[in-house]
Amino acid sequence: MTENIQGAHQNIYKPAIMKIVDRHDEAPGVRTLKLEFQNPADHEHFKQTFRTGMFGLYGVYGEGESTFCVASPETRKDYIECTFRQSGRVTSALASADIGDLVTYRGPYGNRFPIENFYGKNLIFVSGGIALPPTRSVIWSCLDQREKFGKITIVYGARTVADLVYKHELEEWEKRDDVDLVLTVDPGGESPDWKHRIGFVPTVLELAAPSPDNCIAVICGPPIMIKFTLISLKKLGFEEANVYTTLENRMKCGVGKCGRCNVGSIYVCKEGPVFTAAEVSRMPAADL
Amino acid sequence: MTIQEQYKTRVRELLSSGTVKMVIGYKAGTTADRRRPLFIRTPEEADQLLLDSACIANLSGYLIAEGLLSDEKRVGIFLKPDGIRTINILAAEAQLNIEQIIVLGFDITGQEVTALQGETAGDFSALIESIKEGAPEALKNPLIDQLEQLNPKERFAYWQAEFSRCIKCYACRQACPMCYCRRCIVDCNQPQWVNTSSHTLGNFEWNIVRAFHLSGRCVGCGNCDRACPVNIPLRLINARMAQEVLGSFDHLAGMSDTQEPVLASFKKDDSETFIL
Amino acid sequence: MTRILLSDKLDNCVARWRKAGLTVIGPVKKETFSSYAVVEKAAEFDLGLVLPDRSIKGLFFPQTEPMLEYTIKKQAIDTKDFAPPSDKRIIFGARPCDASGLAIDDPLFGWDYKDEYWFQRRNETVIVSIACTRADDFCMCTSLKLAPDSTKGSDVLLRPLQNNKGWLVQELTDRGREAFSQIADLLQEGSEPAAPTVVVAEKFNLDACVAWLQNPANFDSSFWKEISMRCIGCASCTFLCPTCHCFDFQDEGDTYSGIRRKNWDSCSFALFTMHTSGHNPRATQSARWRQRIMHKFNYFPGKFSVNSCSGCGRCSRQCPVDMGITETLQAISTLKP
């Protein structure tokens, strides 16, 4: 129930109320929540506006709001999934919320992956650790309309086997014959029964050697992984304009006012979080 | 030769002999009565040095900012007696190695600046002893006495009015050489100990918490008071706490680099039973 | 012949506006501190101040403001909005730099998502500025291509008369005309000339500065470290600035009920941009000062075609270590672009 104390006005900072309908532990300290809108008007707004790549502010009253991507695809808008690592005040509160509890959501905000421009092209997704969720939103958005895309390759790595997120979906992708999945863990992170690659993501990507012809790369990961993956993609012959990534900066408002997500002249919340590598390379590196 | 010229020569010597990598002093500011902190790294830069009765800021906070001393090289710094006491506390609290600090001591009486003889903080111990002897008198302030005359309700109203102007810019904290915490308690949010909003409660919480953290540590340099953009008389609070600590524990902050922090030390034979 | 408001009629004006339901606000000095504050009588104004210590910003974007009130029940959350105040106000004796500052921030607060807390107050407030006949060493409006009699952001501009007995009235907007129609009979026709506005010397060449800032090579210049070495990282420049607009949200209360507030925040603070991971894009004070200057004179004008500075000089005037925008831009204007 929401109401105005006085007069009719639009409070752009007021979140929607969401119910937790499911939750999973993905990896130590990493949890996924499945959320459903409580107010049909809020849900309708989401359905009208959400496209893959956009983000939201997830919150618990009394603790605050925290920014992360919408991890579910634009082809499934009955709910929102978000995946986060429990670390700060808000994520700790979200992590301790149970199924049936109410939390808040503000969004969707920002720009998106222009996946209609990817139609007919081969796609390679490169992702590391906790950064699979934004990639996963794009992956499912494409897999749900598989016929529109060419070859799909997913390269995903984490520090250890335990740190891989969405383990069930990794299994599912592995079984599909219309997806090439390359999994890797950092040296030393393997378990005795690990059957996949051992090595850092950029190295493994170079070994997989995807062809840059008619191919779009989507990369998400910690800054150090992004840095070396960009170098690897360049070696493989990818043009910067065909490489997409998302930036994660600290945000409070999500709507271009609070002033903290600037990277150079870019307001990540309004003009991002999705950028091509060409756009990122024009940003001042020291500010990233 | 004026004191300023003597010290310019001294600074040039310190730098050209390689004794120090930098000297922190003062130079002219935007207006005639303003002085700016100056970081002197070459003998030539010493030309800009200015030393007069307007050089009142306590510069010692720069010693512990952004890793200045982490290369273990020496740094020279212009300090008044309050500044010398400050680096004693910083050393006692393990924030700096006092061996790295070359003190260019001076004092101001009215319009007059005098040089203080000595090179390391320890050389000024006799001077600091004499400050302690005079402290009960020096800490007196007619405004504190006036506030003491008020009943608690009136005194509360006085501070409420003063704190109502606080905008939580934390200039007091940033200007204070004693506020060196990597993460200030107002920035700790699990749990959120202090309300960050600058409403009545948040402003009281902040200013009182800071006063307690400075009890037995504040040397009364006045940096916070001068930095406050809304002119809250912060010096009164700190001076009042200093009176209390002096009276109760015979403790004046910054006597030496081995002085125990008065509110952070514990003795088994403490007369107060509540501690155990 | 132009219309004139005589100083000795000002008290009547204040009474008239108050009677019409307007909250009357103006520069007030109390002991050691001045600000724009609510008055009941004209005598409370201090119209001789160069400008108040606090900028006008807080009247439109308060340092702390409740946004939402939440109550958590068994199977529901009640969220109540705090609507922005709708009281009608008139600010008499604003300085043109302060009024300009408000106009500068309008496009930011209206950028796609409209911040009603800002615009409701903007719409309900009449700003009557007085052109400056005095300035101090820190005033720098002319360096920002503004002037002691800029009309930007004002609804009415008053120019002090040469005989010091009142002001020439220049109505600029419908809002201003409406407020002055309520005191029309207290105004009079006159031919008394206005006093000359104060001459504020240009302190730096803005175009040269902007050219330097826009050169990507200068982002990593050692200049930033040098100029900001003495910055102590407090927020007094940003909080006193009429255009700095950064904020934070804070929930106060407990798990069952409380209030979400919008509080001033500052790019000077190290925690401002700190990621949860511990990574901080602007980890040093020099990076934060660079951001402040770049934002005001490069990024903000790139987005909104206006510099995020109105030249009031408060940043330099109040700086505990005598830094500020003036010194930085003066230094930049001597550098090769």
# chains A, B, ... in the order shown; residues from 1 in each chain; ligands from 1

$ interface_residues --of "chain B" --to "chain C" --cutoff "6 Å" --atoms "only C-alpha atoms" --output "short mmCIF file (atom, residue, chain, number, x, y, z; two decimals) with C-alpha atoms, in the first residue's frame"
data_model
loop_
_atom_site.label_atom_id
_atom_site.label_comp_id
_atom_site.auth_asym_id
_atom_site.auth_seq_id
_atom_site.Cartn_x
_atom_site.Cartn_y
_atom_site.Cartn_z
CA ARG B 36 48.52 28.89 3.29
CA CYS B 169 30.88 18.92 6.38
CA TYR B 170 33.36 17.37 8.79
CA ALA B 171 35.79 20.26 8.35
CA GLN B 174 39.50 16.90 8.61
CA SER B 197 21.92 13.35 8.83
CA ALA B 227 37.79 25.46 9.97
CA PRO B 229 32.32 27.19 8.08
#

$ interface_residues --of "chain C" --to "chain A" --cutoff "7 Å" --atoms "only C-alpha atoms" --output "PyMOL selection string"
chain C and resi 77-83+108-109+113+115-116+245-255+258+272-276+281-282+299

$ write_last_selection --atoms "C-alpha atoms" --output "PDB file, in the first residue's frame"
ATOM      1  CA  ILE C  77       5.032  -2.471   4.085  1.00  0.00           C
ATOM      2  CA  ASP C  78       3.386   0.911   4.325  1.00  0.00           C
ATOM      3  CA  THR C  79       5.370   3.548   2.497  1.00  0.00           C
ATOM      4  CA  LYS C  80       4.333   7.131   2.952  1.00  0.00           C
ATOM      5  CA  ASP C  81       5.749   9.914   0.895  1.00  0.00           C
ATOM      6  CA  PHE C  82       6.854  13.148   2.395  1.00  0.00           C
ATOM      7  CA  ALA C  83       5.543  15.555  -0.177  1.00  0.00           C
ATOM      8  CA  LEU C 108      20.363  18.485 -13.511  1.00  0.00           C
ATOM      9  CA  PHE C 109      17.397  17.991 -11.210  1.00  0.00           C
ATOM     10  CA  TYR C 113      13.652  12.108 -13.919  1.00  0.00           C
ATOM     11  CA  ASP C 115      13.167  15.733  -8.658  1.00  0.00           C
ATOM     12  CA  GLU C 116       9.949  17.184  -7.248  1.00  0.00           C
ATOM     13  CA  HIS C 245      24.240  18.932  -5.712  1.00  0.00           C
ATOM     14  CA  CYS C 246      25.560  15.529  -4.614  1.00  0.00           C
ATOM     15  CA  PHE C 247      23.531  13.616  -2.088  1.00  0.00           C
ATOM     16  CA  ASP C 248      23.141  10.397  -0.185  1.00  0.00           C
ATOM     17  CA  PHE C 249      20.178   8.436   1.106  1.00  0.00           C
ATOM     18  CA  GLN C 250      20.097   7.320   4.708  1.00  0.00           C
ATOM     19  CA  ASP C 251      17.529   5.213   6.498  1.00  0.00           C
ATOM     20  CA  GLU C 252      16.987   6.169  10.095  1.00  0.00           C
ATOM     21  CA  GLY C 253      14.871   4.051  12.363  1.00  0.00           C
ATOM     22  CA  ASP C 254      14.728   0.349  12.910  1.00  0.00           C
ATOM     23  CA  THR C 255      13.568  -2.718  11.046  1.00  0.00           C
ATOM     24  CA  GLY C 258      11.698   4.755  10.160  1.00  0.00           C
ATOM     25  CA  PHE C 272      31.789   8.811  -1.660  1.00  0.00           C
ATOM     26  CA  THR C 273      32.830   6.529  -4.508  1.00  0.00           C
ATOM     27  CA  MET C 274      34.176   3.544  -2.562  1.00  0.00           C
ATOM     28  CA  HIS C 275      32.900   0.249  -3.976  1.00  0.00           C
ATOM     29  CA  THR C 276      31.788  -2.548  -1.658  1.00  0.00           C
ATOM     30  CA  PRO C 281      37.969   4.967  -8.366  1.00  0.00           C
ATOM     31  CA  ARG C 282      38.916   8.225  -6.659  1.00  0.00           C
ATOM     32  CA  TYR C 299      31.575  17.476 -17.601  1.00  0.00           C
TER      33      TYR C 299
END

$ select_by_dssp --residues "segment 148-184 of chain C" --states "strand (DSSP E or B)" --output "PDB file with N, CA and C atoms, in the first residue's frame"
ATOM      1  N   VAL C 156      12.979  38.943  -9.910  1.00  0.00           N
ATOM      2  CA  VAL C 156      13.022  40.414  -9.911  1.00  0.00           C
ATOM      3  C   VAL C 156      14.470  40.795  -9.608  1.00  0.00           C
ATOM      4  N   LEU C 157      14.985  41.799 -10.310  1.00  0.00           N
ATOM      5  CA  LEU C 157      16.312  42.304  -9.958  1.00  0.00           C
ATOM      6  C   LEU C 157      16.169  43.740  -9.471  1.00  0.00           C
ATOM      7  N   LEU C 158      16.727  44.012  -8.306  1.00  0.00           N
ATOM      8  CA  LEU C 158      16.723  45.371  -7.767  1.00  0.00           C
ATOM      9  C   LEU C 158      18.123  45.953  -7.922  1.00  0.00           C
ATOM     10  N   ARG C 159      18.169  47.241  -8.327  1.00  0.00           N
ATOM     11  CA  ARG C 159      19.462  47.915  -8.412  1.00  0.00           C
ATOM     12  C   ARG C 159      19.468  49.034  -7.384  1.00  0.00           C
ATOM     13  N   PRO C 160      20.422  49.016  -6.467  1.00  0.00           N
ATOM     14  CA  PRO C 160      20.472  50.056  -5.439  1.00  0.00           C
ATOM     15  C   PRO C 160      20.552  51.447  -6.072  1.00  0.00           C
ATOM     16  N   LEU C 161      19.808  52.402  -5.500  1.00  0.00           N
ATOM     17  CA  LEU C 161      19.860  53.777  -5.996  1.00  0.00           C
ATOM     18  C   LEU C 161      21.150  54.438  -5.539  1.00  0.00           C
ATOM     19  N   GLY C 166      16.917  53.356  -1.782  1.00  0.00           N
ATOM     20  CA  GLY C 166      16.028  52.310  -2.276  1.00  0.00           C
ATOM     21  C   GLY C 166      16.604  51.643  -3.492  1.00  0.00           C
ATOM     22  N   TRP C 167      15.709  51.060  -4.287  1.00  0.00           N
ATOM     23  CA  TRP C 167      16.165  50.258  -5.422  1.00  0.00           C
ATOM     24  C   TRP C 167      15.310  50.515  -6.655  1.00  0.00           C
ATOM     25  N   LEU C 168      15.947  50.431  -7.810  1.00  0.00           N
ATOM     26  CA  LEU C 168      15.209  50.394  -9.071  1.00  0.00           C
ATOM     27  C   LEU C 168      14.681  48.980  -9.249  1.00  0.00           C
ATOM     28  N   VAL C 169      13.452  48.875  -9.707  1.00  0.00           N
ATOM     29  CA  VAL C 169      12.822  47.560  -9.809  1.00  0.00           C
ATOM     30  C   VAL C 169      12.815  47.080 -11.255  1.00  0.00           C
ATOM     31  N   GLN C 170      13.348  45.897 -11.477  1.00  0.00           N
ATOM     32  CA  GLN C 170      13.297  45.284 -12.804  1.00  0.00           C
ATOM     33  C   GLN C 170      12.640  43.910 -12.670  1.00  0.00           C
ATOM     34  N   GLU C 171      11.361  43.852 -13.100  1.00  0.00           N
ATOM     35  CA  GLU C 171      10.651  42.572 -13.006  1.00  0.00           C
ATOM     36  C   GLU C 171      11.039  41.699 -14.190  1.00  0.00           C
TER      37      GLU C 171
END

$ residues_around --residues "Ala115 of chain B" --least-positions-apart "4" --cutoff "8 Å" --atoms "only C-alpha atoms" --output "PyMOL selection string"
chain B and resi 3+105-107

$ atom_distance --atom1 "atom CA of Ala162 of chain A" --atom2 "atom CA of Tyr58 of chain A"
25.4 Å

$ residues_around --residues "Leu246 of chain B" --least-positions-apart "2" --cutoff "10 Å" --atoms "only C-alpha atoms" --output "list in words"
Lys132, Ala135, Pro136, Leu139, Gly216, Arg240, Met241, Ala242, Gln243, Glu244, Ser248, Phe249, Asp250, His251, Leu252, Ala253 and Val262 of chain B

$ write_last_selection --atoms "N, CA and C atoms" --output "PDB file, in the first residue's frame"
ATOM      1  N   LYS B 132      52.358  22.916  31.094  1.00  0.00           N
ATOM      2  CA  LYS B 132      51.466  22.177  31.983  1.00  0.00           C
ATOM      3  C   LYS B 132      51.255  22.946  33.292  1.00  0.00           C
ATOM      4  N   ALA B 135      48.776  25.432  32.700  1.00  0.00           N
ATOM      5  CA  ALA B 135      47.555  24.988  32.019  1.00  0.00           C
ATOM      6  C   ALA B 135      46.255  25.348  32.739  1.00  0.00           C
ATOM      7  N   PRO B 136      46.188  25.155  34.071  1.00  0.00           N
ATOM      8  CA  PRO B 136      44.910  25.474  34.727  1.00  0.00           C
ATOM      9  C   PRO B 136      44.466  26.907  34.416  1.00  0.00           C
ATOM     10  N   LEU B 139      43.727  27.293  30.367  1.00  0.00           N
ATOM     11  CA  LEU B 139      42.503  26.675  29.858  1.00  0.00           C
ATOM     12  C   LEU B 139      41.264  27.462  30.242  1.00  0.00           C
ATOM     13  N   GLY B 216      41.430  14.440  26.507  1.00  0.00           N
ATOM     14  CA  GLY B 216      42.760  13.967  26.885  1.00  0.00           C
ATOM     15  C   GLY B 216      43.696  13.881  25.699  1.00  0.00           C
ATOM     16  N   ARG B 240      36.902  22.629  27.630  1.00  0.00           N
ATOM     17  CA  ARG B 240      36.206  22.193  28.845  1.00  0.00           C
ATOM     18  C   ARG B 240      36.574  20.749  29.186  1.00  0.00           C
ATOM     19  N   MET B 241      36.667  19.900  28.172  1.00  0.00           N
ATOM     20  CA  MET B 241      37.068  18.513  28.396  1.00  0.00           C
ATOM     21  C   MET B 241      38.518  18.450  28.873  1.00  0.00           C
ATOM     22  N   ALA B 242      39.363  19.316  28.332  1.00  0.00           N
ATOM     23  CA  ALA B 242      40.765  19.340  28.753  1.00  0.00           C
ATOM     24  C   ALA B 242      40.871  19.729  30.230  1.00  0.00           C
ATOM     25  N   GLN B 243      40.036  20.692  30.650  1.00  0.00           N
ATOM     26  CA  GLN B 243      39.992  21.076  32.074  1.00  0.00           C
ATOM     27  C   GLN B 243      39.648  19.868  32.930  1.00  0.00           C
ATOM     28  N   GLU B 244      38.646  19.129  32.476  1.00  0.00           N
ATOM     29  CA  GLU B 244      38.158  17.979  33.221  1.00  0.00           C
ATOM     30  C   GLU B 244      39.261  16.912  33.371  1.00  0.00           C
ATOM     31  N   SER B 248      40.938  15.816  36.844  1.00  0.00           N
ATOM     32  CA  SER B 248      40.681  14.461  37.330  1.00  0.00           C
ATOM     33  C   SER B 248      41.903  13.567  37.285  1.00  0.00           C
ATOM     34  N   PHE B 249      42.725  13.743  36.257  1.00  0.00           N
ATOM     35  CA  PHE B 249      43.828  12.789  36.061  1.00  0.00           C
ATOM     36  C   PHE B 249      45.204  13.456  36.040  1.00  0.00           C
ATOM     37  N   ASP B 250      45.250  14.742  36.274  1.00  0.00           N
ATOM     38  CA  ASP B 250      46.507  15.483  36.215  1.00  0.00           C
ATOM     39  C   ASP B 250      47.193  15.226  34.863  1.00  0.00           C
ATOM     40  N   HIS B 251      46.393  15.211  33.817  1.00  0.00           N
ATOM     41  CA  HIS B 251      46.899  14.840  32.492  1.00  0.00           C
ATOM     42  C   HIS B 251      46.748  16.009  31.519  1.00  0.00           C
ATOM     43  N   LEU B 252      47.862  16.408  30.911  1.00  0.00           N
ATOM     44  CA  LEU B 252      47.787  17.374  29.816  1.00  0.00           C
ATOM     45  C   LEU B 252      48.310  16.668  28.569  1.00  0.00           C
ATOM     46  N   ALA B 253      47.530  16.756  27.505  1.00  0.00           N
ATOM     47  CA  ALA B 253      47.849  15.985  26.307  1.00  0.00           C
ATOM     48  C   ALA B 253      49.154  16.437  25.684  1.00  0.00           C
ATOM     49  N   VAL B 262      45.233   9.028  28.223  1.00  0.00           N
ATOM     50  CA  VAL B 262      44.607   8.973  29.557  1.00  0.00           C
ATOM     51  C   VAL B 262      43.336   8.128  29.572  1.00  0.00           C
TER      52      VAL B 262
END

$ select_by_dssp --residues "segment 11-217 of chain B" --states "helix (DSSP H, G or I)" --output "ChimeraX atom specification"
/B:11-16,43-48,59-64,81-92,98-100,121-138,142-149,152-163,171-175,185-187,200-214

$ residues_around --residues "Asn111 of chain A" --least-positions-apart "5" --cutoff "9 Å" --atoms "only C-alpha atoms" --output "ChimeraX atom specification"
/A:51-55,269-275

$ interface_residues --of "chain B" --to "chain A" --cutoff "9 Å" --atoms "only C-alpha atoms" --output "PyMOL selection string"
chain B and resi 189-191

$ closest_atom_pairs --of "segment 10-78 of chain B" --to "segment 181-187 of chain B" --cutoff "12 Å" --atoms "only C-alpha atoms" --output "tab-separated table"
residue	atom	partner	partner_atom	distance
B:Gly61	CA	B:Cys181	CA	11.8
B:Ile64	CA	B:Cys181	CA	10.6
B:Ala65	CA	B:Arg182	CA	10.3
B:Glu66	CA	B:Arg182	CA	10.6

$ write_last_selection --atoms "N, CA and C atoms" --output "PDB file, in the first residue's frame"
ATOM      1  N   GLY B  61      48.833  17.705  10.982  1.00  0.00           N
ATOM      2  CA  GLY B  61      47.984  16.696  10.333  1.00  0.00           C
ATOM      3  C   GLY B  61      48.548  16.225   9.007  1.00  0.00           C
ATOM      4  N   ILE B  64      50.694  12.902   8.677  1.00  0.00           N
ATOM      5  CA  ILE B  64      50.158  11.536   8.653  1.00  0.00           C
ATOM      6  C   ILE B  64      49.188  11.337   7.495  1.00  0.00           C
ATOM      7  N   ALA B  65      49.188  12.282   6.534  1.00  0.00           N
ATOM      8  CA  ALA B  65      48.254  12.172   5.414  1.00  0.00           C
ATOM      9  C   ALA B  65      48.894  11.428   4.244  1.00  0.00           C
ATOM     10  N   GLU B  66      48.115  10.566   3.628  1.00  0.00           N
ATOM     11  CA  GLU B  66      48.481   9.872   2.385  1.00  0.00           C
ATOM     12  C   GLU B  66      49.933   9.382   2.336  1.00  0.00           C
TER      13      GLU B  66
END

$ atom_distance --atom1 "atom CA of Gln4 of chain B" --atom2 "atom CA of Leu96 of chain B"
27.4 Å

$ closest_atom_pairs --of "segment 65-145 of chain C" --to "segment 202-213 of chain C" --cutoff "7 Å" --atoms "only C-alpha atoms" --output "tab-separated table"
residue	atom	partner	partner_atom	distance
C:Met140	CA	C:Lys203	CA	6.7
C:Thr142	CA	C:Glu202	CA	5.6
C:Ser143	CA	C:Glu202	CA	4.7
C:Leu144	CA	C:Leu206	CA	6.6

$ residues_around --residues "segment 49-51 of chain C" --least-positions-apart "2" --cutoff "8 Å" --atoms "only C-alpha atoms" --output "number ranges by chain"
C: 27, 46-47, 53, 95, 132, 134-136

$ atom_distance --atom1 "atom CA of Thr23 of chain C" --atom2 "atom CA of Arg121 of chain C"
12.1 Å

$ decode --residues "segment 161-244 of chain B" --atoms "C-alpha atoms" --output "short mmCIF file (atom, residue, chain, number, x, y, z; two decimals), in the first residue's frame"
data_model
loop_
_atom_site.label_atom_id
_atom_site.label_comp_id
_atom_site.auth_asym_id
_atom_site.auth_seq_id
_atom_site.Cartn_x
_atom_site.Cartn_y
_atom_site.Cartn_z
CA ALA B 161 21.31 26.58 18.90
CA GLU B 162 25.00 26.34 18.06
CA PHE B 163 24.78 22.80 16.67
CA SER B 164 21.67 23.63 14.67
CA ARG B 165 23.99 25.34 12.19
CA CYS B 166 26.16 22.24 11.74
CA ILE B 167 26.04 20.97 8.16
CA LYS B 168 28.16 17.86 8.76
CA CYS B 169 30.88 18.92 6.38
CA TYR B 170 33.36 17.37 8.79
CA ALA B 171 35.79 20.26 8.35
CA CYS B 172 36.41 19.99 12.12
CA ARG B 173 37.42 16.37 11.73
CA GLN B 174 39.50 16.90 8.61
CA ALA B 175 41.32 19.90 10.06
CA CYS B 176 42.09 18.08 13.30
CA PRO B 177 45.44 16.29 13.48
CA MET B 178 43.96 13.99 16.12
CA CYS B 179 41.17 12.80 13.79
CA TYR B 180 43.24 10.35 11.82
CA CYS B 181 41.02 7.26 11.89
CA ARG B 182 41.09 5.43 8.58
CA ARG B 183 37.38 4.99 8.97
CA CYS B 184 35.67 7.52 11.20
CA ILE B 185 32.90 6.21 13.41
CA VAL B 186 30.32 8.22 11.44
CA ASP B 187 31.39 6.31 8.35
CA CYS B 188 30.93 2.92 10.00
CA ASN B 189 27.52 1.60 9.06
CA GLN B 190 27.32 -1.92 10.42
CA PRO B 191 25.75 -0.86 12.65
CA GLN B 192 25.23 2.82 11.93
CA TRP B 193 26.51 4.14 15.26
CA VAL B 194 25.99 7.80 14.50
CA ASN B 195 23.19 9.28 12.39
CA THR B 196 24.76 10.89 9.35
CA SER B 197 21.92 13.35 8.83
CA SER B 198 22.55 16.87 10.03
CA HIS B 199 19.39 17.24 12.05
CA THR B 200 19.36 18.03 15.76
CA LEU B 201 20.02 14.48 16.91
CA GLY B 202 22.66 13.76 14.27
CA ASN B 203 24.47 17.01 14.97
CA PHE B 204 24.51 16.39 18.72
CA GLU B 205 25.69 12.83 18.24
CA TRP B 206 28.52 13.90 15.97
CA ASN B 207 29.79 16.79 18.03
CA ILE B 208 29.55 14.99 21.35
CA VAL B 209 31.18 11.81 20.04
CA ARG B 210 34.01 13.92 18.66
CA ALA B 211 34.40 15.77 21.96
CA PHE B 212 34.76 12.47 23.80
CA HIS B 213 37.23 11.11 21.29
CA LEU B 214 39.35 14.21 21.80
CA SER B 215 39.23 14.21 25.57
CA GLY B 216 42.76 13.97 26.89
CA ARG B 217 44.07 14.25 23.33
CA CYS B 218 43.12 17.74 22.16
CA VAL B 219 45.90 20.30 22.49
CA GLY B 220 43.59 23.22 21.82
CA CYS B 221 45.25 24.29 18.58
CA GLY B 222 41.95 25.70 17.34
CA ASN B 223 42.10 24.14 13.87
CA CYS B 224 38.54 22.81 14.19
CA ASP B 225 37.18 26.08 15.45
CA ARG B 226 38.75 28.05 12.59
CA ALA B 227 37.79 25.46 9.97
CA CYS B 228 34.12 25.40 10.92
CA PRO B 229 32.32 27.19 8.08
CA VAL B 230 29.32 27.92 10.29
CA ASN B 231 31.38 29.19 13.21
CA ILE B 232 30.38 26.79 15.97
CA PRO B 233 32.66 27.52 18.97
CA LEU B 234 34.09 23.99 19.04
CA ARG B 235 37.13 25.12 20.99
CA LEU B 236 34.95 25.63 24.08
CA ILE B 237 33.90 22.00 24.20
CA ASN B 238 37.42 20.71 23.81
CA ALA B 239 38.87 23.16 26.33
CA ARG B 240 36.21 22.19 28.85
CA MET B 241 37.07 18.51 28.40
CA ALA B 242 40.76 19.34 28.75
CA GLN B 243 39.99 21.08 32.07
CA GLU B 244 38.16 17.98 33.22
#
